[in-house]
Amino acid sequence: MVCPPLKPESQSLSADDLDEGFRRIYEATPAMMHSINGDGCIELVTDAWLYRLGYTREQVLGRPSVDFLTPRSAAYATEVILPAYFKTGRCEDVAYQFVCADGSLVDVLLSATAQIDASGKFVRSLAVLTDVTEKNRAIEQKLHLQRQLHQSQKMEAVGRLAGGIAHDFNNLLTVIFTYGNFVLEALDADSRSYSDMAQIIRAAESATELLKKLLAFSAGRATGGPAAKVDQTIEQIQPLLRPLLGPGVELTLELACDQQAAHIDRSELEQVLVNLVVNARDAMPAGGKLTIRTRPIAQQTSVSDAQSSHPSQLLIEVEDTGVGMDEHTISRAFDPFFTSKAPNKGTGLGLSTCYGIVKRHRGEIWITSEPGHGTCCSVSLPLVDTDEASTAAAASLPSPRGSETILVIEDQPAVLASLQRTLRHAGYQTLSASDTEQATALAQANQQSIRLVLADVMMPGLSGPELVERLRPSLPQARVLYISGHTDELPEDELLLRKPFKPSELVRRIRQLLDGPAAP
């Protein structure tokens, strides 16, 4: 609460004639207070005011009070508050920002009353300042967290929608791949129809990559796409990067990884590169030089000294000659929605997106920078090992055949029919079931002949794994391969094949299971 203006009969002498004892009491008051004269200059100030803002009394006395405000607060005080205050003799809870001696800012609420002489003329003020810096920061943090929560909820809802759509399309694409490949095999390779069908299958492959991204987005995991040859990807995306940089930035490539591939989907690697390049461009408003380097490294070399479980890594560096970053900016650079750019110039999601992609692929990302000395953003990713390269090469070989009996459990009729067609085409005998009762009956009636169970993970009633457990007493030696087009977290191992898949992928995985060692 603000006291009313001091009445004339309670006037004291001028500031020069104030009692020394009163001055000492005023200055020692444990509150932030100051008094200004009719010219708006400070003539009294408490020790608490000086301590909080970091000035000496000599630096303050005789100077206009607005000299210690931010430009915005000073303009507000000069144009709005002080003219009214000199007339009314009071103001209450006026929000100002004071500038400390070290340049930091303090948020205050200022309330003041005035001493008025017998003629009604303003003599001096008595202002009390309440430090609300921490309170305001807490409010800002709460609002920031609320915005993040709201954004997270929206992203979660979109993710669930994306996952549901992707699940249905995965089933459709599995059917398209199956019958499309059968038609392709039946056509003359030189015919127009063969070319048309090949285009359909390529379109389905493109749709598959898109759906993998939707699934990764909704489940927060890696897309599981083919490994990317890093140097090749950078060279091929170079024509896109140059227009992004503009004429004032020189782009240099120093690539030393040849044909080595990293554990990351090509499209996600491109996304990381574009985000890092755009970030570097924005750090060089007057132009400069951007260098992209690659090289293989023996182990993790991030500043955190984190050790990777992979024996061999591939390092990508995106280095600019821009304005650089201080330690505070580096520490928050990967935070979602954090940006040092001007309003409406950035979402604050570029580097956080890079961080999420790299981490999902078991990599590391870090920043090295100093103000005025440019920035280097480094990404390390596990290299594809020899066994995985051999597996990828095997995909181009003819599909292996067999004659064993396989129990196929799938609740979608079109998918079930396509699975039967694929397996019979490869020489296998099939028994099909669309629910728990059918599967149980077939297992009990064919205990000696069923060698493998092919089961969808998401089934009505019992899930695929639960149903397989029920069948175990009847089929103790049967191998099991699960298939799934859903976004639920599932182990990426030899027991799971994600939809959509090509017929060759299915029969190859089944042959590997049947020829491999029995489960303990």
# chains A, B, ... in the order shown; residues from 1 in each chain; ligands from 1
>>> select_by_dssp(residues="region 122-194 of chain A", states="strand (DSSP E)", output="JSON, numbers by chain")
{"A": [122, 123, 124, 125, 126, 127, 128, 129, 130, 131]}
>>> write_last_selection(atoms="N, CA and C atoms", output="mmCIF file, in the first residue's frame")
data_model
loop_
_atom_site.group_PDB
_atom_site.id
_atom_site.type_symbol
_atom_site.label_atom_id
_atom_site.label_comp_id
_atom_site.auth_asym_id
_atom_site.auth_seq_id
_atom_site.Cartn_x
_atom_site.Cartn_y
_atom_site.Cartn_z
ATOM 1 N N PHE A 122 6.102 19.812 -5.744
ATOM 2 C CA PHE A 122 6.809 18.567 -5.415
ATOM 3 C C PHE A 122 8.183 18.890 -4.830
ATOM 4 N N VAL A 123 8.531 18.222 -3.726
ATOM 5 C CA VAL A 123 9.840 18.432 -3.092
ATOM 6 C C VAL A 123 10.753 17.221 -3.319
ATOM 7 N N ARG A 124 10.300 16.075 -2.858
ATOM 8 C CA ARG A 124 11.073 14.838 -3.050
ATOM 9 C C ARG A 124 10.136 13.644 -2.924
ATOM 10 N N SER A 125 10.637 12.499 -3.300
ATOM 11 C CA SER A 125 9.846 11.271 -3.216
ATOM 12 C C SER A 125 10.413 10.336 -2.168
ATOM 13 N N LEU A 126 9.592 9.380 -1.803
ATOM 14 C CA LEU A 126 10.050 8.249 -1.012
ATOM 15 C C LEU A 126 9.556 7.006 -1.745
ATOM 16 N N ALA A 127 10.474 6.298 -2.380
ATOM 17 C CA ALA A 127 10.106 5.141 -3.202
ATOM 18 C C ALA A 127 10.626 3.860 -2.568
ATOM 19 N N VAL A 128 9.790 2.853 -2.554
ATOM 20 C CA VAL A 128 10.143 1.519 -2.056
ATOM 21 C C VAL A 128 10.087 0.554 -3.231
ATOM 22 N N LEU A 129 11.176 -0.213 -3.407
ATOM 23 C CA LEU A 129 11.277 -1.143 -4.526
ATOM 24 C C LEU A 129 11.217 -2.580 -4.020
ATOM 25 N N THR A 130 10.354 -3.400 -4.582
ATOM 26 C CA THR A 130 10.250 -4.813 -4.228
ATOM 27 C C THR A 130 10.843 -5.649 -5.352
ATOM 28 N N ASP A 131 11.869 -6.433 -5.024
ATOM 29 C CA ASP A 131 12.531 -7.268 -6.023
ATOM 30 C C ASP A 131 11.645 -8.474 -6.345
#
>>> residues_around(residues="region 445-454 of chain A", least_positions_apart="4", cutoff="9 Å", atoms="only C-alpha atoms", output="list in words")
Glu404, Thr405, Ile406, Leu407, Val408, Ile409, Glu410, Thr430, Leu431, Thr440, Ala441, Val468, Ser474, Leu475, Pro476, Gln477, Ala478, Arg479, Val480, Leu481, Tyr482, Ile483, Ile510, Leu513 and Leu514 of chain A
>>> residues_around(residues="Gly40 (chain A)", least_positions_apart="6", cutoff="10 Å", atoms="only C-alpha atoms", output="MDAnalysis selection string")
chainID A and resid 62:66 78 82 86 124:125
>>> select_by_dssp(residues="region 84-181 of chain A", states="alpha helix (DSSP H)", output="VMD selection string")
chain A and resid 84 to 88 133 to 181
>>> atom_distance(atom1="CA of Ala333 (chain A)", atom2="CA of Met284 (chain A)")
16.9 Å
>>> atom_distance(atom1="CA of Ile237 (chain A)", atom2="CA of Cys354 (chain A)")
16.8 Å
>>> residues_around(residues="Pro500 (chain A)", least_positions_apart="6", cutoff="8 Å", atoms="only C-alpha atoms", output="list in words")
Asn170, Asn171, Leu173, Thr174, Phe177, Thr208 and Gly485 of chain A
>>> residues_around(residues="region 96-109 of chain A", least_positions_apart="5", cutoff="10 Å", atoms="only C-alpha atoms", output="PyMOL selection string")
chain A and resi 32+50-56+59+65-74+76-77+128-137
>>> residues_around(residues="Leu423 (chain A)", least_positions_apart="2", cutoff="10 Å", atoms="only C-alpha atoms", output="list in words")
Arg401, Gly402, Ser403, Glu404, Thr405, Ile406, Val408, Ser418, Leu419, Gln420, Arg421, His425, Ala426, Gly427, Tyr428, Gln429, Thr430, Pro503, Ser504, Leu506, Val507 and Ile510 of chain A
>>> atom_distance(atom1="CA of Ile234 (chain A)", atom2="CA of Ile200 (chain A)")
28.4 Å
